[in-house]
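Coordinates from protein.pdb are shown below (PDB, C-alpha atoms).
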```
ATOM      1  CA  MET A  10     -39.613  99.247  16.474  1.00  0.00           C
ATOM      2  CA  ALA A  11     -42.821  99.467  14.485  1.00  0.00           C
ATOM      3  CA  LYS A  12     -43.241 102.562  12.391  1.00  0.00           C
ATOM      4  CA  LYS A  13     -46.450 104.276  11.435  1.00  0.00           C
ATOM      5  CA  PHE A  14     -47.097 103.690   7.732  1.00  0.00           C
ATOM      6  CA  MET A  15     -49.795 105.582   5.839  1.00  0.00           C
ATOM      7  CA  TYR A  16     -50.855 104.389   2.396  1.00  0.00           C
ATOM      8  CA  MET A  17     -52.649 107.106   0.441  1.00  0.00           C
ATOM      9  CA  ASN A  18     -55.029 105.737  -2.187  1.00  0.00           C
ATOM     10  CA  THR A  19     -55.888 108.390  -4.755  1.00  0.00           C
ATOM     11  CA  LYS A  20     -56.944 106.578  -7.942  1.00  0.00           C
ATOM     12  CA  ALA A  21     -60.021 104.688  -9.136  1.00  0.00           C
ATOM     13  CA  PRO A  22     -59.740 100.896  -9.463  1.00  0.00           C
ATOM     14  CA  TYR A  23     -59.282  99.086 -12.832  1.00  0.00           C
ATOM     15  CA  GLY A  24     -58.484 102.191 -14.941  1.00  0.00           C
ATOM     16  CA  THR A  25     -54.908 102.046 -13.681  1.00  0.00           C
ATOM     17  CA  VAL A  26     -52.998  99.411 -11.702  1.00  0.00           C
ATOM     18  CA  TYR A  27     -52.276 101.702  -8.724  1.00  0.00           C
ATOM     19  CA  ALA A  28     -55.174 100.514  -6.542  1.00  0.00           C
ATOM     20  CA  LEU A  29     -54.218  96.846  -6.873  1.00  0.00           C
ATOM     21  CA  GLU A  30     -50.505  97.560  -6.335  1.00  0.00           C
ATOM     22  CA  SER A  31     -51.318  99.544  -3.193  1.00  0.00           C
ATOM     23  CA  LEU A  32     -53.231  96.597  -1.748  1.00  0.00           C
ATOM     24  CA  GLU A  33     -50.251  94.310  -2.366  1.00  0.00           C
ATOM     25  CA  VAL A  34     -47.894  96.667  -0.576  1.00  0.00           C
ATOM     26  CA  VAL A  35     -50.310  97.194   2.316  1.00  0.00           C
ATOM     27  CA  LEU A  36     -50.507  93.434   2.924  1.00  0.00           C
ATOM     28  CA  ILE A  37     -46.704  93.167   2.856  1.00  0.00           C
ATOM     29  CA  GLY A  38     -46.413  96.025   5.377  1.00  0.00           C
ATOM     30  CA  ALA A  39     -48.959  94.349   7.635  1.00  0.00           C
ATOM     31  CA  ALA A  40     -47.035  91.053   7.468  1.00  0.00           C
ATOM     32  CA  PHE A  41     -44.013  92.878   8.931  1.00  0.00           C
ATOM     33  CA  GLU A  42     -46.195  93.993  11.865  1.00  0.00           C
ATOM     34  CA  GLN A  43     -45.949  97.678  11.180  1.00  0.00           C
ATOM     35  CA  ASP A  44     -48.609 100.168  12.303  1.00  0.00           C
ATOM     36  CA  VAL A  45     -50.562 100.498   9.071  1.00  0.00           C
ATOM     37  CA  SER A  46     -53.180 103.095   8.161  1.00  0.00           C
ATOM     38  CA  LEU A  47     -54.959 103.566   4.847  1.00  0.00           C
ATOM     39  CA  ALA A  48     -56.429 106.769   3.482  1.00  0.00           C
ATOM     40  CA  PHE A  49     -58.807 107.048   0.547  1.00  0.00           C
ATOM     41  CA  ILE A  50     -59.024 110.467  -1.085  1.00  0.00           C
ATOM     42  CA  GLY A  51     -60.096 111.803  -4.472  1.00  0.00           C
ATOM     43  CA  ASP A  52     -60.945 109.053  -6.947  1.00  0.00           C
ATOM     44  CA  GLY A  53     -59.419 106.627  -4.432  1.00  0.00           C
ATOM     45  CA  VAL A  54     -62.779 106.485  -2.633  1.00  0.00           C
ATOM     46  CA  TYR A  55     -64.134 104.598  -5.670  1.00  0.00           C
ATOM     47  CA  GLN A  56     -61.972 101.627  -4.639  1.00  0.00           C
ATOM     48  CA  LEU A  57     -64.291 100.943  -1.693  1.00  0.00           C
ATOM     49  CA  VAL A  58     -67.605 101.183  -3.577  1.00  0.00           C
ATOM     50  CA  LYS A  59     -69.622  98.039  -2.874  1.00  0.00           C
ATOM     51  CA  GLY A  60     -71.137  95.726  -5.481  1.00  0.00           C
ATOM     52  CA  GLN A  61     -68.184  95.697  -7.899  1.00  0.00           C
ATOM     53  CA  ASP A  62     -68.587  92.980 -10.554  1.00  0.00           C
ATOM     54  CA  THR A  63     -65.774  92.697 -13.096  1.00  0.00           C
ATOM     55  CA  LYS A  64     -66.970  89.608 -14.987  1.00  0.00           C
ATOM     56  CA  GLY A  65     -67.856  91.766 -17.983  1.00  0.00           C
ATOM     57  CA  ILE A  66     -64.417  93.360 -18.377  1.00  0.00           C
ATOM     58  CA  GLY A  67     -62.181  90.325 -17.897  1.00  0.00           C
ATOM     59  CA  MET A  68     -60.240  91.770 -14.946  1.00  0.00           C
ATOM     60  CA  LYS A  69     -59.792  90.418 -11.426  1.00  0.00           C
ATOM     61  CA  ASN A  70     -62.225  91.883  -8.897  1.00  0.00           C
ATOM     62  CA  PHE A  71     -59.891  92.680  -6.008  1.00  0.00           C
ATOM     63  CA  SER A  72     -62.470  94.601  -3.955  1.00  0.00           C
ATOM     64  CA  PRO A  73     -63.218  91.620  -1.614  1.00  0.00           C
ATOM     65  CA  THR A  74     -59.621  91.941  -0.370  1.00  0.00           C
ATOM     66  CA  TYR A  75     -60.506  95.161   1.487  1.00  0.00           C
ATOM     67  CA  ALA A  76     -62.851  93.128   3.714  1.00  0.00           C
ATOM     68  CA  ALA A  77     -59.915  90.875   4.689  1.00  0.00           C
ATOM     69  CA  LEU A  78     -57.684  93.733   5.885  1.00  0.00           C
ATOM     70  CA  GLY A  79     -59.152  93.509   9.413  1.00  0.00           C
ATOM     71  CA  ASP A  80     -57.695  89.999   9.748  1.00  0.00           C
ATOM     72  CA  TYR A  81     -54.241  91.484   9.125  1.00  0.00           C
ATOM     73  CA  ASP A  82     -54.702  94.074  11.898  1.00  0.00           C
ATOM     74  CA  VAL A  83     -55.251  96.781   9.300  1.00  0.00           C
ATOM     75  CA  ASN A  84     -58.205  98.546  10.856  1.00  0.00           C
ATOM     76  CA  LYS A  85     -57.497 102.256  10.495  1.00  0.00           C
ATOM     77  CA  ILE A  86     -59.108 103.136   7.181  1.00  0.00           C
ATOM     78  CA  TYR A  87     -59.647 106.845   6.703  1.00  0.00           C
ATOM     79  CA  VAL A  88     -62.099 108.059   4.053  1.00  0.00           C
ATOM     80  CA  GLU A  89     -62.166 111.755   3.225  1.00  0.00           C
ATOM     81  CA  LYS A  90     -65.670 113.177   3.531  1.00  0.00           C
ATOM     82  CA  GLU A  91     -65.189 115.918   0.918  1.00  0.00           C
ATOM     83  CA  SER A  92     -64.051 113.402  -1.704  1.00  0.00           C
ATOM     84  CA  LEU A  93     -67.141 111.249  -1.139  1.00  0.00           C
ATOM     85  CA  GLU A  94     -69.524 114.200  -1.342  1.00  0.00           C
ATOM     86  CA  GLU A  95     -67.990 115.588  -4.539  1.00  0.00           C
ATOM     87  CA  ARG A  96     -68.682 112.207  -6.152  1.00  0.00           C
ATOM     88  CA  GLY A  97     -72.297 111.981  -4.990  1.00  0.00           C
ATOM     89  CA  LEU A  98     -71.385 109.138  -2.613  1.00  0.00           C
ATOM     90  CA  SER A  99     -72.019 108.435   1.060  1.00  0.00           C
ATOM     91  CA  LEU A 100     -70.763 105.783   3.494  1.00  0.00           C
ATOM     92  CA  ASP A 101     -73.772 103.638   2.501  1.00  0.00           C
ATOM     93  CA  ASP A 102     -72.279 103.288  -0.992  1.00  0.00           C
ATOM     94  CA  LEU A 103     -69.076 101.764   0.418  1.00  0.00           C
ATOM     95  CA  GLN A 104     -68.330  98.282   1.701  1.00  0.00           C
ATOM     96  CA  HIS A 105     -68.932  97.853   5.427  1.00  0.00           C
ATOM     97  CA  LEU A 106     -65.432  97.006   6.657  1.00  0.00           C
ATOM     98  CA  VAL A 107     -64.977  95.598  10.164  1.00  0.00           C
ATOM     99  CA  TRP A 108     -62.313  94.100  12.396  1.00  0.00           C
ATOM    100  CA  GLU A 109     -62.440  92.005  15.570  1.00  0.00           C
ATOM    101  CA  ASP A 110     -60.905  93.464  18.747  1.00  0.00           C
ATOM    102  CA  GLU A 111     -59.213  90.633  20.654  1.00  0.00           C
ATOM    103  CA  ASP A 112     -58.890  92.873  23.732  1.00  0.00           C
ATOM    104  CA  GLU A 113     -62.670  93.115  23.921  1.00  0.00           C
ATOM    105  CA  ASP A 114     -63.672  89.473  23.402  1.00  0.00           C
ATOM    106  CA  TRP A 115     -63.387  89.799  19.611  1.00  0.00           C
ATOM    107  CA  ALA A 116     -66.027  92.506  19.444  1.00  0.00           C
ATOM    108  CA  GLU A 117     -66.679  93.526  15.830  1.00  0.00           C
ATOM    109  CA  LYS A 118     -65.803  97.159  15.173  1.00  0.00           C
ATOM    110  CA  ASP A 119     -65.946  99.436  12.144  1.00  0.00           C
ATOM    111  CA  SER A 120     -62.669  99.930  10.287  1.00  0.00           C
ATOM    112  CA  ILE A 121     -63.725 102.936   8.219  1.00  0.00           C
ATOM    113  CA  ARG A 122     -63.312 106.344   9.819  1.00  0.00           C
ATOM    114  CA  LEU A 123     -65.003 109.162   7.950  1.00  0.00           C
ATOM    115  CA  VAL A 124     -62.826 112.270   8.377  1.00  0.00           C
ATOM    116  CA  ASN A 125     -62.808 115.736   6.891  1.00  0.00           C
ATOM    117  CA  ARG A 126     -59.797 117.146   5.055  1.00  0.00           C
ATOM    118  CA  SER A 127     -58.421 118.930   8.120  1.00  0.00           C
ATOM    119  CA  GLU A 128     -58.732 115.852  10.351  1.00  0.00           C
ATOM    120  CA  LEU A 129     -57.009 113.743   7.690  1.00  0.00           C
ATOM    121  CA  ALA A 130     -54.168 116.265   7.499  1.00  0.00           C
ATOM    122  CA  ASP A 131     -53.600 115.756  11.233  1.00  0.00           C
ATOM    123  CA  VAL A 132     -53.529 111.964  10.812  1.00  0.00           C
ATOM    124  CA  ILE A 133     -50.996 112.229   7.960  1.00  0.00           C
ATOM    125  CA  ASP A 134     -48.880 114.629   9.991  1.00  0.00           C
ATOM    126  CA  ASP A 135     -48.571 111.979  12.704  1.00  0.00           C
ATOM    127  CA  GLN A 136     -47.125 109.289  10.383  1.00  0.00           C
ATOM    128  CA  ASP A 137     -43.484 108.165  10.043  1.00  0.00           C
ATOM    129  CA  VAL A 138     -43.811 107.053   6.421  1.00  0.00           C
ATOM    130  CA  VAL A 139     -46.355 108.131   3.799  1.00  0.00           C
ATOM    131  CA  LEU A 140     -46.676 106.248   0.510  1.00  0.00           C
ATOM    132  CA  SER A 141     -48.960 107.510  -2.245  1.00  0.00           C
ATOM    133  CA  PHE A 142     -50.671 105.370  -4.870  1.00  0.00           C
TER     134      PHE A 142
ATOM    135  CA  MET B  28     -70.648 115.026 -39.646  1.00  0.00           C
ATOM    136  CA  ALA B  29     -71.918 113.026 -36.688  1.00  0.00           C
ATOM    137  CA  THR B  30     -69.052 112.257 -34.362  1.00  0.00           C
ATOM    138  CA  LEU B  31     -68.747 109.625 -31.661  1.00  0.00           C
ATOM    139  CA  HIS B  32     -66.616 110.961 -28.814  1.00  0.00           C
ATOM    140  CA  THR B  33     -65.134 108.413 -26.414  1.00  0.00           C
ATOM    141  CA  VAL B  34     -63.936 109.406 -22.924  1.00  0.00           C
ATOM    142  CA  ASN B  35     -62.161 106.906 -20.653  1.00  0.00           C
ATOM    143  CA  LYS B  36     -60.860 109.132 -17.821  1.00  0.00           C
ATOM    144  CA  SER B  37     -62.527 110.129 -14.549  1.00  0.00           C
ATOM    145  CA  PRO B  38     -63.819 113.734 -14.741  1.00  0.00           C
ATOM    146  CA  PHE B  39     -62.261 114.339 -11.317  1.00  0.00           C
ATOM    147  CA  SER B  40     -58.701 113.452 -12.290  1.00  0.00           C
ATOM    148  CA  SER B  41     -58.500 114.669 -15.891  1.00  0.00           C
ATOM    149  CA  ASN B  42     -59.767 117.552 -18.061  1.00  0.00           C
ATOM    150  CA  THR B  43     -60.757 115.154 -20.830  1.00  0.00           C
ATOM    151  CA  PHE B  44     -64.471 115.087 -20.025  1.00  0.00           C
ATOM    152  CA  ASP B  45     -64.743 118.892 -19.778  1.00  0.00           C
ATOM    153  CA  ASP B  46     -62.724 119.398 -22.970  1.00  0.00           C
ATOM    154  CA  CYS B  47     -64.897 116.915 -24.835  1.00  0.00           C
ATOM    155  CA  LEU B  48     -68.120 118.503 -23.620  1.00  0.00           C
ATOM    156  CA  GLY B  49     -66.884 121.922 -24.632  1.00  0.00           C
ATOM    157  CA  LEU B  50     -66.235 120.815 -28.204  1.00  0.00           C
ATOM    158  CA  ALA B  51     -68.984 118.240 -28.819  1.00  0.00           C
ATOM    159  CA  ARG B  52     -71.449 119.558 -31.439  1.00  0.00           C
ATOM    160  CA  SER B  53     -75.186 119.039 -31.338  1.00  0.00           C
ATOM    161  CA  GLY B  54     -75.986 115.707 -32.985  1.00  0.00           C
ATOM    162  CA  SER B  55     -72.883 113.964 -31.705  1.00  0.00           C
ATOM    163  CA  THR B  56     -72.666 111.179 -29.149  1.00  0.00           C
ATOM    164  CA  VAL B  57     -70.358 110.872 -26.130  1.00  0.00           C
ATOM    165  CA  LEU B  58     -69.591 107.337 -24.992  1.00  0.00           C
ATOM    166  CA  LEU B  59     -68.187 107.098 -21.452  1.00  0.00           C
ATOM    167  CA  PHE B  60     -66.143 103.976 -20.724  1.00  0.00           C
ATOM    168  CA  GLU B  61     -63.470 102.702 -18.282  1.00  0.00           C
ATOM    169  CA  ASP B  62     -63.005 105.419 -15.590  1.00  0.00           C
ATOM    170  CA  GLY B  63     -65.057 107.769 -17.773  1.00  0.00           C
ATOM    171  CA  VAL B  64     -68.245 106.093 -16.492  1.00  0.00           C
ATOM    172  CA  TYR B  65     -67.940 108.001 -13.200  1.00  0.00           C
ATOM    173  CA  ALA B  66     -68.916 111.180 -15.091  1.00  0.00           C
ATOM    174  CA  ALA B  67     -72.423 109.764 -15.533  1.00  0.00           C
ATOM    175  CA  THR B  68     -73.100 109.019 -11.852  1.00  0.00           C
ATOM    176  CA  THR B  69     -75.801 110.940  -9.989  1.00  0.00           C
ATOM    177  CA  GLY B  70     -74.933 113.711  -7.571  1.00  0.00           C
ATOM    178  CA  THR B  71     -71.860 114.899  -9.483  1.00  0.00           C
ATOM    179  CA  SER B  72     -71.222 118.159 -11.330  1.00  0.00           C
ATOM    180  CA  SER B  73     -70.413 116.135 -14.451  1.00  0.00           C
ATOM    181  CA  ALA B  74     -73.875 114.498 -14.426  1.00  0.00           C
ATOM    182  CA  GLU B  75     -75.338 117.992 -14.156  1.00  0.00           C
ATOM    183  CA  ALA B  76     -73.282 119.101 -17.162  1.00  0.00           C
ATOM    184  CA  ILE B  77     -74.598 116.097 -19.091  1.00  0.00           C
ATOM    185  CA  ALA B  78     -78.198 117.018 -18.223  1.00  0.00           C
ATOM    186  CA  ASN B  79     -77.565 120.545 -19.543  1.00  0.00           C
ATOM    187  CA  ALA B  80     -75.811 119.524 -22.762  1.00  0.00           C
ATOM    188  CA  ASN B  81     -78.514 120.062 -25.372  1.00  0.00           C
ATOM    189  CA  GLY B  82     -78.446 118.015 -28.548  1.00  0.00           C
ATOM    190  CA  VAL B  83     -75.658 115.687 -27.422  1.00  0.00           C
ATOM    191  CA  THR B  84     -76.470 112.036 -26.692  1.00  0.00           C
ATOM    192  CA  PHE B  85     -74.660 110.238 -23.883  1.00  0.00           C
ATOM    193  CA  ALA B  86     -73.977 106.547 -23.459  1.00  0.00           C
ATOM    194  CA  VAL B  87     -72.130 104.495 -20.842  1.00  0.00           C
ATOM    195  CA  LEU B  88     -70.410 101.154 -21.368  1.00  0.00           C
ATOM    196  CA  GLY B  89     -72.349  98.872 -19.001  1.00  0.00           C
ATOM    197  CA  PRO B  90     -69.607  96.320 -18.192  1.00  0.00           C
ATOM    198  CA  ASP B  91     -67.299  99.149 -17.025  1.00  0.00           C
ATOM    199  CA  ALA B  92     -70.033 100.658 -14.823  1.00  0.00           C
ATOM    200  CA  LYS B  93     -70.828  97.240 -13.392  1.00  0.00           C
ATOM    201  CA  ALA B  94     -67.162  96.486 -12.672  1.00  0.00           C
ATOM    202  CA  ARG B  95     -66.943  99.697 -10.668  1.00  0.00           C
ATOM    203  CA  GLY B  96     -70.178  99.089  -8.716  1.00  0.00           C
ATOM    204  CA  VAL B  97     -71.874 102.203 -10.134  1.00  0.00           C
ATOM    205  CA  GLU B  98     -74.303 100.634 -12.610  1.00  0.00           C
ATOM    206  CA  GLY B  99     -77.218 101.582 -10.324  1.00  0.00           C
ATOM    207  CA  LYS B 100     -76.051 105.199 -10.066  1.00  0.00           C
ATOM    208  CA  ILE B 101     -76.058 106.131 -13.753  1.00  0.00           C
ATOM    209  CA  ALA B 102     -78.163 109.290 -14.194  1.00  0.00           C
ATOM    210  CA  ASP B 103     -81.523 109.122 -15.991  1.00  0.00           C
ATOM    211  CA  GLY B 104     -81.472 109.726 -19.729  1.00  0.00           C
ATOM    212  CA  ILE B 105     -78.052 108.171 -20.253  1.00  0.00           C
ATOM    213  CA  LYS B 106     -78.077 105.057 -22.395  1.00  0.00           C
ATOM    214  CA  VAL B 107     -76.229 101.980 -21.113  1.00  0.00           C
ATOM    215  CA  VAL B 108     -74.682  99.881 -23.889  1.00  0.00           C
ATOM    216  CA  ASP B 109     -72.689  96.638 -24.038  1.00  0.00           C
ATOM    217  CA  TYR B 110     -69.654  95.932 -26.259  1.00  0.00           C
ATOM    218  CA  ASP B 111     -71.907  95.181 -29.257  1.00  0.00           C
ATOM    219  CA  GLY B 112     -73.618  98.529 -28.634  1.00  0.00           C
ATOM    220  CA  PHE B 113     -70.178 100.194 -28.645  1.00  0.00           C
ATOM    221  CA  VAL B 114     -69.515  98.696 -32.087  1.00  0.00           C
ATOM    222  CA  ASP B 115     -72.948  99.839 -33.313  1.00  0.00           C
ATOM    223  CA  LEU B 116     -72.203 103.399 -32.177  1.00  0.00           C
ATOM    224  CA  VAL B 117     -68.895 103.369 -34.054  1.00  0.00           C
ATOM    225  CA  ALA B 118     -70.664 102.099 -37.188  1.00  0.00           C
ATOM    226  CA  GLU B 119     -73.486 104.649 -36.943  1.00  0.00           C
ATOM    227  CA  HIS B 120     -71.203 107.699 -36.740  1.00  0.00           C
ATOM    228  CA  ASP B 121     -69.048 109.220 -39.449  1.00  0.00           C
ATOM    229  CA  LYS B 122     -65.950 109.266 -37.277  1.00  0.00           C
ATOM    230  CA  VAL B 123     -64.671 108.524 -33.787  1.00  0.00           C
ATOM    231  CA  HIS B 124     -62.874 111.086 -31.681  1.00  0.00           C
ATOM    232  CA  ALA B 125     -61.101 109.123 -28.943  1.00  0.00           C
ATOM    233  CA  TRP B 126     -60.237 111.602 -26.180  1.00  0.00           C
ATOM    234  CA  LEU B 127     -57.174 110.822 -24.079  1.00  0.00           C
TER     235      LEU B 127
END
```
Take the structure in this file and express it as structure tokens.
Amino acid sequence: MAKKFMYMNTKAPYGTVYALESLEVVLIGAAFEQDVSLAFIGDGVYQLVKGQDTKGIGMKNFSPTYAALGDYDVNKIYVEKESLEERGLSLDDLQHLVWEDEDEDWAEKDSIRLVNRSELADVIDDQDVVLSF
Amino acid sequence: MATLHTVNKSPFSSNTFDDCLGLARSGSTVLLFEDGVYAATTGTSSAEAIANANGVTFAVLGPDAKARGVEGKIADGIKVVDYDGFVDLVAEHDKVHAWL
């Protein structure tokens, strides 16, 4: 039976390897057809900032991978509102992530769900497995 | 003694930026690089602290800001430098204090 997996992303990209490693594990979990959710809190929200260009630092830009998550049925992406605001960011600063709903003639739907801290706590409470990166 | 301070940690996940600001003397320069560049982005308490830090010059390493997609959000009055500019800053100061 599929379990509910929550991957908590808490660190900025590139400064440490956590963000990239989380993505790898998320894609593995999705391949095993588990019920996958992602949460971005704290500096983790920086992972989704659009317009990343790593040519100048000689590292792989893995941010386009987030846009592919919808194709792996990973479409529950929770972003904590308080974390965005503390960093002077809004949803407009993040990539627009979508997925296609095959039950509704492949209608394109938003993957990102902006939630406050209390709402996110409820989502986490409902999970079977929580992994933090 | 003009000091170049370098900070490479996010101000939200480490005390490094606050500690550096508390000890940086007038006439010194703070270079923000790697995850330290987030401290210079508009709408944050760290950018406000930078605006209120009299006599201290701030610079951001451009390639790190660009990699993180925040090059367009660097607050006014903060200089953006490239790797050559980083070297120039090191050469212009008497010593480097690399905060970790």
| field | Pick from B:Cys47, B:Asn42, B:Tyr65, B:Leu31, whichever lies nearest to Val97 (chain B) using all atoms listed in the file | value | B:Tyr65
| Hey, what's within 10 Å of Val132 (chain A) if we count only C-alpha atoms and toss same-chain stuff fewer than 5 positions away? As a list in words, please? | Met15, Ser46, Ala48, Tyr87, Val124, Arg126 and Ser127 of chain A
| task | Would you work out the distance separating CA of Phe142 (chain A) from CA of Asp44 (chain A), expressed in Å to one decimal? | result |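 According to the coordinates, CA of Phe142 (chain A) and CA of Asp44 (chain A) are separated by 18.1 Å.
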| task | Pull out every residue of chain B sitting within 8 Å of chain A, counting all atoms listed in the file, and send them as a PyMOL selection string. | result | chain B and resi 36-37+39-40+61-62+68-72+90-91+93-97
| Mind telling me what the PyMOL selection byres ((chain A and resi 136) around 12) catches here, as a VMD selection string? | chain A and resid 11 to 17 43 to 48 129 to 135 137 to 140
Quick check on the file I pasted: which residues fall under the PyMOL selection byres ((chain A and resi 117) around 12)? Write them as a PDB file with C-alpha atoms, in the coordinates of the input.
```
ATOM      1  CA  GLY A  79     -59.152  93.509   9.413  1.00  0.00           C
ATOM      2  CA  ASP A  80     -57.695  89.999   9.748  1.00  0.00           C
ATOM      3  CA  ASN A  84     -58.205  98.546  10.856  1.00  0.00           C
ATOM      4  CA  HIS A 105     -68.932  97.853   5.427  1.00  0.00           C
ATOM      5  CA  LEU A 106     -65.432  97.006   6.657  1.00  0.00           C
ATOM      6  CA  VAL A 107     -64.977  95.598  10.164  1.00  0.00           C
ATOM      7  CA  TRP A 108     -62.313  94.100  12.396  1.00  0.00           C
ATOM      8  CA  GLU A 109     -62.440  92.005  15.570  1.00  0.00           C
ATOM      9  CA  ASP A 110     -60.905  93.464  18.747  1.00  0.00           C
ATOM     10  CA  GLU A 111     -59.213  90.633  20.654  1.00  0.00           C
ATOM     11  CA  ASP A 112     -58.890  92.873  23.732  1.00  0.00           C
ATOM     12  CA  GLU A 113     -62.670  93.115  23.921  1.00  0.00           C
ATOM     13  CA  ASP A 114     -63.672  89.473  23.402  1.00  0.00           C
ATOM     14  CA  TRP A 115     -63.387  89.799  19.611  1.00  0.00           C
ATOM     15  CA  ALA A 116     -66.027  92.506  19.444  1.00  0.00           C
ATOM     16  CA  LYS A 118     -65.803  97.159  15.173  1.00  0.00           C
ATOM     17  CA  ASP A 119     -65.946  99.436  12.144  1.00  0.00           C
ATOM     18  CA  SER A 120     -62.669  99.930  10.287  1.00  0.00           C
TER      19      SER A 120
END
```
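Residue nearest Val83 (chain B) within the list B:Lys106, B:Asp46, B:Gly54, B:Ala29: B:Gly54 [criterion: smallest interatomic distance, only C-alpha atoms].
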| said: If I take CA of Asp82 (chain A) and CA of Leu100 (chain A), how far is one from the other in Å, to one decimal? | reply: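 Between these atoms lies a distance of 21.6 Å.
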| request: Figure out the distance between CA of Leu59 (chain B) and CA of Thr43 (chain B), please, to one decimal in Å. | output: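 Distance reported for this atom pair: 11.0 Å.
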| request: Please provide as a ChimeraX atom specification all residues within 10 Å of Ala76 (chain B), with the sequence filter that same-chain residues fewer than 6 positions apart are discarded (counting only C-alpha atoms). | output: /B:45,48,66-67
| said: Which residues would end up in the selection if the PyMOL selection byres ((chain B and resi 55) around 12) were applied here, given that I need the answer as a VMD selection string? | reply: chain B and resid 28 to 33 47 to 48 50 to 54 56 to 58 80 to 86 116 to 117 119 to 124
For the residues in that selection, give me C-alpha atoms as a tab-separated table (two decimals), keeping the file's coordinate frame.
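Below is the file that was written, result_18.tsv:
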```tsv
chain	number	residue	atom	x	y	z
B	28	MET	CA	-70.65	115.03	-39.65
B	29	ALA	CA	-71.92	113.03	-36.69
B	30	THR	CA	-69.05	112.26	-34.36
B	31	LEU	CA	-68.75	109.62	-31.66
B	32	HIS	CA	-66.62	110.96	-28.81
B	33	THR	CA	-65.13	108.41	-26.41
B	47	CYS	CA	-64.90	116.92	-24.84
B	48	LEU	CA	-68.12	118.50	-23.62
B	50	LEU	CA	-66.24	120.82	-28.20
B	51	ALA	CA	-68.98	118.24	-28.82
B	52	ARG	CA	-71.45	119.56	-31.44
B	53	SER	CA	-75.19	119.04	-31.34
B	54	GLY	CA	-75.99	115.71	-32.98
B	56	THR	CA	-72.67	111.18	-29.15
B	57	VAL	CA	-70.36	110.87	-26.13
B	58	LEU	CA	-69.59	107.34	-24.99
B	80	ALA	CA	-75.81	119.52	-22.76
B	81	ASN	CA	-78.51	120.06	-25.37
B	82	GLY	CA	-78.45	118.02	-28.55
B	83	VAL	CA	-75.66	115.69	-27.42
B	84	THR	CA	-76.47	112.04	-26.69
B	85	PHE	CA	-74.66	110.24	-23.88
B	86	ALA	CA	-73.98	106.55	-23.46
B	116	LEU	CA	-72.20	103.40	-32.18
B	117	VAL	CA	-68.90	103.37	-34.05
B	119	GLU	CA	-73.49	104.65	-36.94
B	120	HIS	CA	-71.20	107.70	-36.74
B	121	ASP	CA	-69.05	109.22	-39.45
B	122	LYS	CA	-65.95	109.27	-37.28
B	123	VAL	CA	-64.67	108.52	-33.79
B	124	HIS	CA	-62.87	111.09	-31.68
```
Taking all atoms of region 66-70 of chain A that the file lists and extending 6 Å past them on each side, where is the centre of the axis-aligned box and how long are its edges? Answer in Å to one decimal, as lines of an AutoDock Vina configuration file.
```
center_x = -62.1
center_y = 91.8
center_z = -13.6
size_x = 16.6
size_y = 15.0
size_z = 21.5
```
| field | Within 10 Å of Thr74 (chain A) using only C-alpha atoms, minus same-chain residues under 3 positions, as a ChimeraX atom specification | value | /A:29,32-33,36,70-71,77-79
| Taking into account only C-alpha atoms, which residue in the set B:Ser73, B:Phe60, B:Val87, B:Ala102 is nearest to Pro38 (chain B)? | B:Ser73
